[in-house]
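Reviewing the structure listed below.
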Amino acid sequence: MAAGSRGDPPQHVKPTTSRCIAVEGCAHGDLDNIYATLQYLEHTNNIKIELLICCGDFQAVRNEDDLESLSCPPKYRAMNSFWKYYSGAEIAPFPTLFVGGNHEASNYLWELYYGGFVAPNIYFLGFAGVVQFGGIRIGGLSGIYKDHDFRKGHFERAPYNEDNIKSVYHVRQYDVLKLMEVTGAIDIFVSHDWPRGITKYGDAQQLLRQKPHFQQDIETNQLGSKAGEQLLHALKPLYWFSAHLHTKFSALVPHPDGHHPTKFLALDKCLPRRNFLQVIDIPGGAGPLEFRYDEEWLAITRAYHSFLPLHETPAQIGGMQAVDLMAHRHWVEKRLAEKGYAIPTEFHMTAPAYSPNSARHRGGLSPRHMRNPQTEAFLQLLELPYLLDCKTAPPIPLGVDMIPFHLCTSWLVTGDPNEIPLEDDKDDSQDMLDNVNGLEESSGLEFNDPNEIVLEDEDNDQHHST
C-alpha cells in the first residue's frame, strides 16, 4: 500500500508562534495597488506582514505576446503591473505565493508546472504543490474544475486555439491524486474555485443576497469543485483560501474524530468597495521566512513523475498497484540533506519584459514552450527526465509501481459549475481607483481578526444548509 492511510487523519500540533499573512482574492495583475495597500496597512497599524497569498487570476503577463495566452475577451487584455516585477524594475516588497486561476498567462505557468519563481520574491505553487514557509505548510491546486476535462492529460501547448486556451487551466485528476497522497498535516490550502458543498457550512442566505444567480447551482450542488470537495475532507487543512466567484464568503467546516475544523475564506477581486484582502495571524512554527521544499511532496512528485499524462485522451490511472512512497521519501530525505531544503531563489527571465517606451506590438512572437531553468534544476534535483515539451505520454518504465488503486475514485459526471469570466463585473472595473488611499478606504478589507474567517453570526452554532 502507499505510505499513509486516509483512515488516519493528519494531526496538527498546537503551535507556539503565529505568522502574519495577507490573503488576496483575484489579483488580476494589479500588484502595484495590492502591495501598496499592504504597505499602508503595515504603516498605519504597526504590523509586519510576512507573506502574501493570492488565490488565482494572478496574471503573470511578462509582455504583450503573453496576452495571447490569457483567456479573456481582447478588450480586457492589459499589461497591468506584473511586468515591472518580472523585469526587475520593481521588487515585490512581500514574499508572495499564488496558485493559478482561469485568467492566466498559461504559457508562462506551464514552464513552471512543478512550481517556481515567476519573478523575484513571487512564487507560483505549480499546478499542484506543497511547500513550507516560516514553519507553515501550504498546499494548493491551480485552475478550475470542469468534468469534461478532468480525466484528460495536460495536452495543451502554446500557441493555444480558442478551445485549449480554456482547457489548459482546467484541473486534472492526475494532480488531484497526487495531493490525495499527502498524509502530513496541512496548515493552509489554496485554490481558485471553491470546494463543492462549502455553502452548507456558511451563511448561504447572505451569499444569495449578494449573488442571487447562485441559487440553482447551490440547490443542485453544482457550485464549486468536486475535486476541491474531496481534497477538503481528505486533507482537513486548518485554513482554506479561495477566490473566483468575486464575493467574500466564510465557513467553518467540521471534521469527524475530533479533528480541528477547517476555516474557509473566499475573497473578492481587487476593486474599490470590495472585500478583496484580509490580514490574518496564522498559527505556525518558527521556521525561516523563505520558501522551502516539502519532503513528502517531493517524494510524491518523484514517485508519480513517469505517469504524468500528456495526451488528450483520458489518462489510464485506475486499477493499478500501489507505489512504495516510503522508498522515495527516504531518497528525498537523503537528497535534501545533501542539497538543502531552501528552494533556490535564482531567477532567469525566459522571455523579454514589456517596455512601455517601445512601440506597441502584439502577436509578433508565438508563445512557444520554453524550458525554464528553474524547472530543469528541480528535475535534476530529483533525478527526473524533462517531460513538459513531450507531445505524448512517456512510456511507463518497467519495474515502476503504479498509481494506488485506493485513489482511483469514481467521479460522477454532472453539469459544470459556473465559470466566472472577467467581464462579470465590467461596470465595477470602471471604478478602479488609481491611488492606494482610495483602494484602502473603500475596499472593506479587514486585518488581524481571526474570528472574521469563521461564520459571521456568532450566535448561531448550526451550519447553514441549502
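Naming works like this for the C-alpha cells: A, B, ... for the chains as they're shown, residue 1 at the start of each chain, ligands 1 onward in shown order.
Backbone DSSP over range 264-323 of chain A yields strand (DSSP E) at A:Phe264, A:Leu265, A:Ala266, A:Leu277, A:Gln278, A:Val279, A:Ile280, A:Asp281, A:Ile282, A:Pro283, A:Gly284, A:Phe291, A:Arg292, A:Tyr293.
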Next, write the just-selected residues to a file, as a PDB file, in the first residue's frame, keeping N, CA, C and O atoms as the atom set.
```pdb
ATOM      1  N   PHE A 264     -12.712  28.306   6.306  1.00  0.00           N
ATOM      2  CA  PHE A 264     -12.724  28.629   4.874  1.00  0.00           C
ATOM      3  C   PHE A 264     -12.992  30.112   4.682  1.00  0.00           C
ATOM      4  O   PHE A 264     -13.859  30.696   5.340  1.00  0.00           O
ATOM      5  N   LEU A 265     -12.258  30.708   3.759  1.00  0.00           N
ATOM      6  CA  LEU A 265     -12.479  32.103   3.407  1.00  0.00           C
ATOM      7  C   LEU A 265     -12.276  32.297   1.919  1.00  0.00           C
ATOM      8  O   LEU A 265     -11.224  31.940   1.375  1.00  0.00           O
ATOM      9  N   ALA A 266     -13.282  32.847   1.256  1.00  0.00           N
ATOM     10  CA  ALA A 266     -13.159  33.271  -0.140  1.00  0.00           C
ATOM     11  C   ALA A 266     -13.210  34.787  -0.177  1.00  0.00           C
ATOM     12  O   ALA A 266     -13.977  35.413   0.564  1.00  0.00           O
ATOM     13  N   LEU A 277      -9.185  41.635   0.338  1.00  0.00           N
ATOM     14  CA  LEU A 277      -7.939  41.456   1.072  1.00  0.00           C
ATOM     15  C   LEU A 277      -8.221  41.294   2.556  1.00  0.00           C
ATOM     16  O   LEU A 277      -9.095  41.970   3.112  1.00  0.00           O
ATOM     17  N   GLN A 278      -7.492  40.393   3.193  1.00  0.00           N
ATOM     18  CA  GLN A 278      -7.592  40.230   4.638  1.00  0.00           C
ATOM     19  C   GLN A 278      -6.237  39.810   5.183  1.00  0.00           C
ATOM     20  O   GLN A 278      -5.532  39.007   4.562  1.00  0.00           O
ATOM     21  N   VAL A 279      -5.897  40.347   6.337  1.00  0.00           N
ATOM     22  CA  VAL A 279      -4.651  40.010   7.010  1.00  0.00           C
ATOM     23  C   VAL A 279      -4.990  39.224   8.268  1.00  0.00           C
ATOM     24  O   VAL A 279      -5.819  39.655   9.071  1.00  0.00           O
ATOM     25  N   ILE A 280      -4.346  38.074   8.429  1.00  0.00           N
ATOM     26  CA  ILE A 280      -4.709  37.133   9.481  1.00  0.00           C
ATOM     27  C   ILE A 280      -3.453  36.625  10.169  1.00  0.00           C
ATOM     28  O   ILE A 280      -2.423  36.408   9.529  1.00  0.00           O
ATOM     29  N   ASP A 281      -3.544  36.411  11.452  1.00  0.00           N
ATOM     30  CA  ASP A 281      -2.488  35.734  12.189  1.00  0.00           C
ATOM     31  C   ASP A 281      -2.732  34.230  12.091  1.00  0.00           C
ATOM     32  O   ASP A 281      -3.750  33.724  12.580  1.00  0.00           O
ATOM     33  N   ILE A 282      -1.800  33.530  11.466  1.00  0.00           N
ATOM     34  CA  ILE A 282      -1.921  32.096  11.254  1.00  0.00           C
ATOM     35  C   ILE A 282      -1.014  31.369  12.252  1.00  0.00           C
ATOM     36  O   ILE A 282       0.180  31.647  12.320  1.00  0.00           O
ATOM     37  N   PRO A 283      -1.558  30.440  13.041  1.00  0.00           N
ATOM     38  CA  PRO A 283      -0.688  29.660  13.931  1.00  0.00           C
ATOM     39  C   PRO A 283       0.373  28.931  13.113  1.00  0.00           C
ATOM     40  O   PRO A 283       0.082  28.352  12.072  1.00  0.00           O
ATOM     41  N   GLY A 284       1.603  28.996  13.562  1.00  0.00           N
ATOM     42  CA  GLY A 284       2.668  28.343  12.800  1.00  0.00           C
ATOM     43  C   GLY A 284       3.913  28.136  13.631  1.00  0.00           C
ATOM     44  O   GLY A 284       3.974  28.514  14.802  1.00  0.00           O
ATOM     45  N   PHE A 291      10.830  30.219   1.186  1.00  0.00           N
ATOM     46  CA  PHE A 291      10.125  29.071   0.611  1.00  0.00           C
ATOM     47  C   PHE A 291      11.042  27.862   0.655  1.00  0.00           C
ATOM     48  O   PHE A 291      12.192  27.920   0.200  1.00  0.00           O
ATOM     49  N   ARG A 292      10.531  26.765   1.202  1.00  0.00           N
ATOM     50  CA  ARG A 292      11.337  25.570   1.406  1.00  0.00           C
ATOM     51  C   ARG A 292      10.619  24.347   0.838  1.00  0.00           C
ATOM     52  O   ARG A 292       9.381  24.271   0.812  1.00  0.00           O
ATOM     53  N   TYR A 293      11.407  23.402   0.356  1.00  0.00           N
ATOM     54  CA  TYR A 293      10.850  22.161  -0.165  1.00  0.00           C
ATOM     55  C   TYR A 293      10.130  21.387   0.939  1.00  0.00           C
ATOM     56  O   TYR A 293      10.514  21.424   2.111  1.00  0.00           O
TER      57      TYR A 293
END
```
Give me the residues of range 134-239 of chain A that have any atom at most 10 Å from an atom of range 99-103 of chain A; for each, the nearest atom pair and the distance in Å, rounded to one decimal. Use only C-alpha atoms, sort by chain and number, and format it as CSV.
```
residue,atom,partner,partner_atom,distance
A:Gly139,CA,A:Val99,CA,9.6
A:Gly140,CA,A:Val99,CA,6.7
A:Leu141,CA,A:Val99,CA,6.5
A:Ser142,CA,A:Gly100,CA,4.4
A:Gly143,CA,A:Gly101,CA,4.5
A:Ile144,CA,A:Asn102,CA,6.5
A:Tyr145,CA,A:Asn102,CA,9.9
A:Ile165,CA,A:Asn102,CA,9.6
A:Lys166,CA,A:Asn102,CA,7.5
A:Ser167,CA,A:Asn102,CA,9.2
A:Val168,CA,A:Asn102,CA,8.9
A:Tyr169,CA,A:Asn102,CA,5.8
A:His170,CA,A:Asn102,CA,7.8
A:Val171,CA,A:Gly101,CA,9.9
A:Val190,CA,A:Val99,CA,7.0
A:Ser191,CA,A:Val99,CA,6.6
A:His192,CA,A:Gly101,CA,5.4
A:Asp193,CA,A:Gly101,CA,7.8
```
For the residues in that selection, give me all heavy atoms as a short mmCIF file (atom, residue, chain, number, x, y, z; two decimals), in the first residue's frame.
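Output (again-v7.cif):
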```
data_model
loop_
_atom_site.label_atom_id
_atom_site.label_comp_id
_atom_site.auth_asym_id
_atom_site.auth_seq_id
_atom_site.Cartn_x
_atom_site.Cartn_y
_atom_site.Cartn_z
N GLY A 139 -0.36 23.99 0.94
CA GLY A 139 -0.66 23.21 -0.26
C GLY A 139 -1.61 23.98 -1.16
O GLY A 139 -2.27 24.93 -0.72
N GLY A 140 -1.68 23.57 -2.41
CA GLY A 140 -2.57 24.28 -3.31
C GLY A 140 -2.81 23.56 -4.61
O GLY A 140 -2.06 22.65 -5.00
N LEU A 141 -3.87 23.98 -5.29
CA LEU A 141 -4.28 23.42 -6.58
C LEU A 141 -4.66 24.58 -7.49
O LEU A 141 -5.50 25.41 -7.13
CB LEU A 141 -5.47 22.48 -6.40
CG LEU A 141 -6.05 21.83 -7.65
CD1 LEU A 141 -5.05 20.86 -8.26
CD2 LEU A 141 -7.36 21.11 -7.32
N SER A 142 -4.05 24.64 -8.66
CA SER A 142 -4.33 25.71 -9.62
C SER A 142 -5.49 25.32 -10.53
O SER A 142 -5.80 24.15 -10.73
CB SER A 142 -3.09 26.01 -10.46
OG SER A 142 -2.09 26.63 -9.69
N GLY A 143 -6.10 26.35 -11.13
CA GLY A 143 -7.13 26.13 -12.14
C GLY A 143 -8.53 26.04 -11.56
O GLY A 143 -8.76 26.28 -10.37
N ILE A 144 -9.47 25.68 -12.43
CA ILE A 144 -10.86 25.45 -12.02
C ILE A 144 -11.31 24.09 -12.54
O ILE A 144 -10.74 23.54 -13.48
CB ILE A 144 -11.80 26.56 -12.53
CG1 ILE A 144 -11.86 26.58 -14.07
CG2 ILE A 144 -11.40 27.92 -11.97
CD1 ILE A 144 -12.93 27.50 -14.62
N TYR A 145 -12.34 23.56 -11.90
CA TYR A 145 -12.80 22.20 -12.21
C TYR A 145 -13.82 22.20 -13.34
O TYR A 145 -14.78 22.98 -13.32
CB TYR A 145 -13.42 21.60 -10.95
CG TYR A 145 -13.94 20.19 -11.15
CD1 TYR A 145 -13.10 19.10 -11.01
CD2 TYR A 145 -15.27 19.97 -11.50
CE1 TYR A 145 -13.57 17.81 -11.20
CE2 TYR A 145 -15.75 18.69 -11.69
CZ TYR A 145 -14.90 17.61 -11.54
OH TYR A 145 -15.37 16.34 -11.74
N ILE A 165 -7.13 27.14 -25.02
CA ILE A 165 -6.76 28.28 -24.19
C ILE A 165 -7.59 28.28 -22.92
O ILE A 165 -7.21 28.88 -21.90
CB ILE A 165 -6.93 29.61 -24.96
CG1 ILE A 165 -6.16 30.73 -24.25
CG2 ILE A 165 -8.40 29.98 -25.12
CD1 ILE A 165 -6.13 32.05 -25.01
N LYS A 166 -8.74 27.58 -22.95
CA LYS A 166 -9.57 27.41 -21.76
C LYS A 166 -9.27 26.10 -21.05
O LYS A 166 -9.15 26.06 -19.82
CB LYS A 166 -11.05 27.47 -22.14
CG LYS A 166 -11.52 28.81 -22.68
CD LYS A 166 -13.01 28.79 -22.99
CE LYS A 166 -13.48 30.14 -23.52
NZ LYS A 166 -13.37 31.21 -22.50
N SER A 167 -9.14 25.02 -21.78
CA SER A 167 -8.94 23.73 -21.12
C SER A 167 -7.60 23.66 -20.41
O SER A 167 -7.45 22.88 -19.46
CB SER A 167 -9.06 22.59 -22.14
OG SER A 167 -8.01 22.62 -23.09
N VAL A 168 -6.62 24.47 -20.81
CA VAL A 168 -5.29 24.39 -20.20
C VAL A 168 -5.34 24.68 -18.70
O VAL A 168 -4.52 24.17 -17.94
CB VAL A 168 -4.31 25.35 -20.91
CG1 VAL A 168 -4.70 26.80 -20.70
CG2 VAL A 168 -2.87 25.10 -20.46
N TYR A 169 -6.30 25.47 -18.25
CA TYR A 169 -6.38 25.77 -16.82
C TYR A 169 -7.42 24.92 -16.09
O TYR A 169 -7.74 25.19 -14.92
CB TYR A 169 -6.66 27.27 -16.58
CG TYR A 169 -7.89 27.84 -17.26
CD1 TYR A 169 -9.17 27.52 -16.82
CD2 TYR A 169 -7.77 28.73 -18.32
CE1 TYR A 169 -10.29 28.07 -17.42
CE2 TYR A 169 -8.88 29.28 -18.93
CZ TYR A 169 -10.14 28.95 -18.47
OH TYR A 169 -11.25 29.49 -19.08
N HIS A 170 -7.94 23.90 -16.73
CA HIS A 170 -8.89 23.01 -16.05
C HIS A 170 -8.14 21.97 -15.23
O HIS A 170 -7.16 21.38 -15.69
CB HIS A 170 -9.82 22.34 -17.06
CG HIS A 170 -10.77 23.30 -17.71
ND1 HIS A 170 -11.46 23.02 -18.87
CD2 HIS A 170 -11.16 24.56 -17.34
CE1 HIS A 170 -12.22 24.05 -19.19
NE2 HIS A 170 -12.06 24.99 -18.27
N VAL A 171 -8.62 21.76 -14.02
CA VAL A 171 -7.98 20.84 -13.07
C VAL A 171 -7.96 19.43 -13.65
O VAL A 171 -8.93 18.98 -14.26
CB VAL A 171 -8.74 20.86 -11.73
CG1 VAL A 171 -8.29 19.74 -10.82
CG2 VAL A 171 -8.56 22.22 -11.05
N VAL A 190 -4.75 26.39 -0.70
CA VAL A 190 -5.16 27.49 -1.57
C VAL A 190 -5.70 26.93 -2.87
O VAL A 190 -5.06 26.06 -3.48
CB VAL A 190 -3.97 28.43 -1.86
CG1 VAL A 190 -4.44 29.69 -2.58
CG2 VAL A 190 -3.23 28.80 -0.58
N SER A 191 -6.84 27.41 -3.29
CA SER A 191 -7.42 27.05 -4.59
C SER A 191 -8.01 28.29 -5.20
O SER A 191 -8.20 29.31 -4.53
CB SER A 191 -8.48 25.95 -4.43
OG SER A 191 -9.62 26.45 -3.74
N HIS A 192 -8.35 28.20 -6.48
CA HIS A 192 -9.04 29.33 -7.12
C HIS A 192 -10.54 29.18 -6.94
O HIS A 192 -11.19 30.05 -6.36
CB HIS A 192 -8.67 29.42 -8.60
CG HIS A 192 -9.23 30.65 -9.26
ND1 HIS A 192 -8.97 31.92 -8.78
CD2 HIS A 192 -10.05 30.82 -10.34
CE1 HIS A 192 -9.58 32.81 -9.54
NE2 HIS A 192 -10.24 32.17 -10.49
N ASP A 193 -11.11 28.08 -7.42
CA ASP A 193 -12.55 27.90 -7.22
C ASP A 193 -12.82 27.27 -5.86
O ASP A 193 -11.96 26.70 -5.21
CB ASP A 193 -13.20 27.11 -8.36
CG ASP A 193 -12.52 25.80 -8.67
OD1 ASP A 193 -11.49 25.47 -8.06
OD2 ASP A 193 -13.04 25.07 -9.54
#
```
So that I can see what lies close to Asn372 in chain A, please list as a tab-separated table (two decimals) with N, CA and C atoms, in the first residue's frame the residues with an atom at most 8 Å from it, counting only C-alpha atoms and leaving out residues fewer than 5 positions away in the same chain.
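Dumped everything to selection_33.tsv:
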```
chain	number	residue	atom	x	y	z
A	111	GLU	N	5.61	26.59	-18.02
A	111	GLU	CA	7.06	26.45	-17.83
A	111	GLU	C	7.40	26.02	-16.40
A	112	LEU	N	6.55	26.40	-15.45
A	112	LEU	CA	6.78	26.17	-14.03
A	112	LEU	C	5.72	25.24	-13.46
A	348	HIS	N	15.59	33.48	-13.62
A	348	HIS	CA	16.01	33.69	-15.00
A	348	HIS	C	14.80	34.11	-15.83
A	350	THR	N	12.78	34.17	-19.12
A	350	THR	CA	12.71	33.29	-20.29
A	350	THR	C	12.01	33.95	-21.47
```
Listing only residues of range 369-392 of chain A within 12 Å of range 327-337 of chain A, what is the closest atom pair and its distance in Å (to one decimal) for each, using only C-alpha atoms, sorted by chain and residue number ascending, as CSV?
```
residue,atom,partner,partner_atom,distance
A:Phe378,CA,A:Leu336,CA,11.9
A:Gln380,CA,A:Arg335,CA,11.2
A:Leu381,CA,A:Arg335,CA,7.8
A:Leu382,CA,A:Val332,CA,7.6
A:Glu383,CA,A:Arg335,CA,10.1
```
- Task: Using backbone DSSP assignments, extract all helix (DSSP H, G or I) residues from range 208-331 of chain A; output them as a VMD selection string.
- Result: chain A and resid 208 to 210 212 to 219 226 to 235 295 to 307 325 to 331
Can those selected residues be exported to a file as a short mmCIF file (atom, residue, chain, number, x, y, z; two decimals), in the first residue's frame so that it contains C-alpha atoms?
```
data_model
loop_
_atom_site.label_atom_id
_atom_site.label_comp_id
_atom_site.auth_asym_id
_atom_site.auth_seq_id
_atom_site.Cartn_x
_atom_site.Cartn_y
_atom_site.Cartn_z
CA LEU A 208 -27.56 34.60 -2.16
CA ARG A 209 -28.45 38.17 -1.24
CA GLN A 210 -25.18 39.18 -2.87
CA PRO A 212 -28.86 35.52 -6.31
CA HIS A 213 -27.94 33.76 -9.55
CA PHE A 214 -26.05 31.16 -7.49
CA GLN A 215 -29.27 29.71 -6.11
CA GLN A 216 -29.87 26.96 -8.67
CA ASP A 217 -26.25 25.78 -8.53
CA ILE A 218 -26.38 25.69 -4.73
CA GLU A 219 -29.66 23.78 -4.70
CA LYS A 226 -15.83 18.27 -6.83
CA ALA A 227 -12.08 17.76 -6.70
CA GLY A 228 -11.80 20.55 -4.15
CA GLU A 229 -14.56 18.98 -2.08
CA GLN A 230 -12.71 15.68 -1.91
CA LEU A 231 -9.42 17.35 -1.01
CA LEU A 232 -11.08 19.44 1.69
CA HIS A 233 -12.45 16.40 3.52
CA ALA A 234 -9.33 14.29 2.95
CA LEU A 235 -6.59 16.80 3.83
CA GLU A 295 9.85 16.27 1.79
CA GLU A 296 6.58 14.40 1.40
CA TRP A 297 5.55 16.36 -1.67
CA LEU A 298 8.88 15.82 -3.39
CA ALA A 299 8.56 12.08 -2.72
CA ILE A 300 5.08 12.06 -4.25
CA THR A 301 6.28 14.06 -7.24
CA ARG A 302 9.18 11.70 -7.79
CA ALA A 303 7.07 8.55 -7.36
CA TYR A 304 4.42 9.55 -9.91
CA HIS A 305 6.51 11.53 -12.37
CA SER A 306 6.61 8.79 -15.01
CA PHE A 307 2.80 8.70 -15.10
CA LEU A 325 6.23 6.03 -1.37
CA MET A 326 8.41 5.31 1.63
CA ALA A 327 11.36 4.39 -0.58
CA HIS A 328 11.01 7.71 -2.42
CA ARG A 329 10.66 9.53 0.91
CA HIS A 330 13.93 8.08 2.16
CA TRP A 331 15.64 9.05 -1.11
#
```
- Residues at most 12 Å from Pro373 in chain A, counting only C-alpha atoms, excluding those fewer than 3 positions away in the same chain, as a count of residues only? 20
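Counting only C-alpha atoms and comparing A:Phe276, A:Phe58, A:Tyr85, A:Tyr201, the residue that lies closest to Leu252 in chain A is A:Tyr201.
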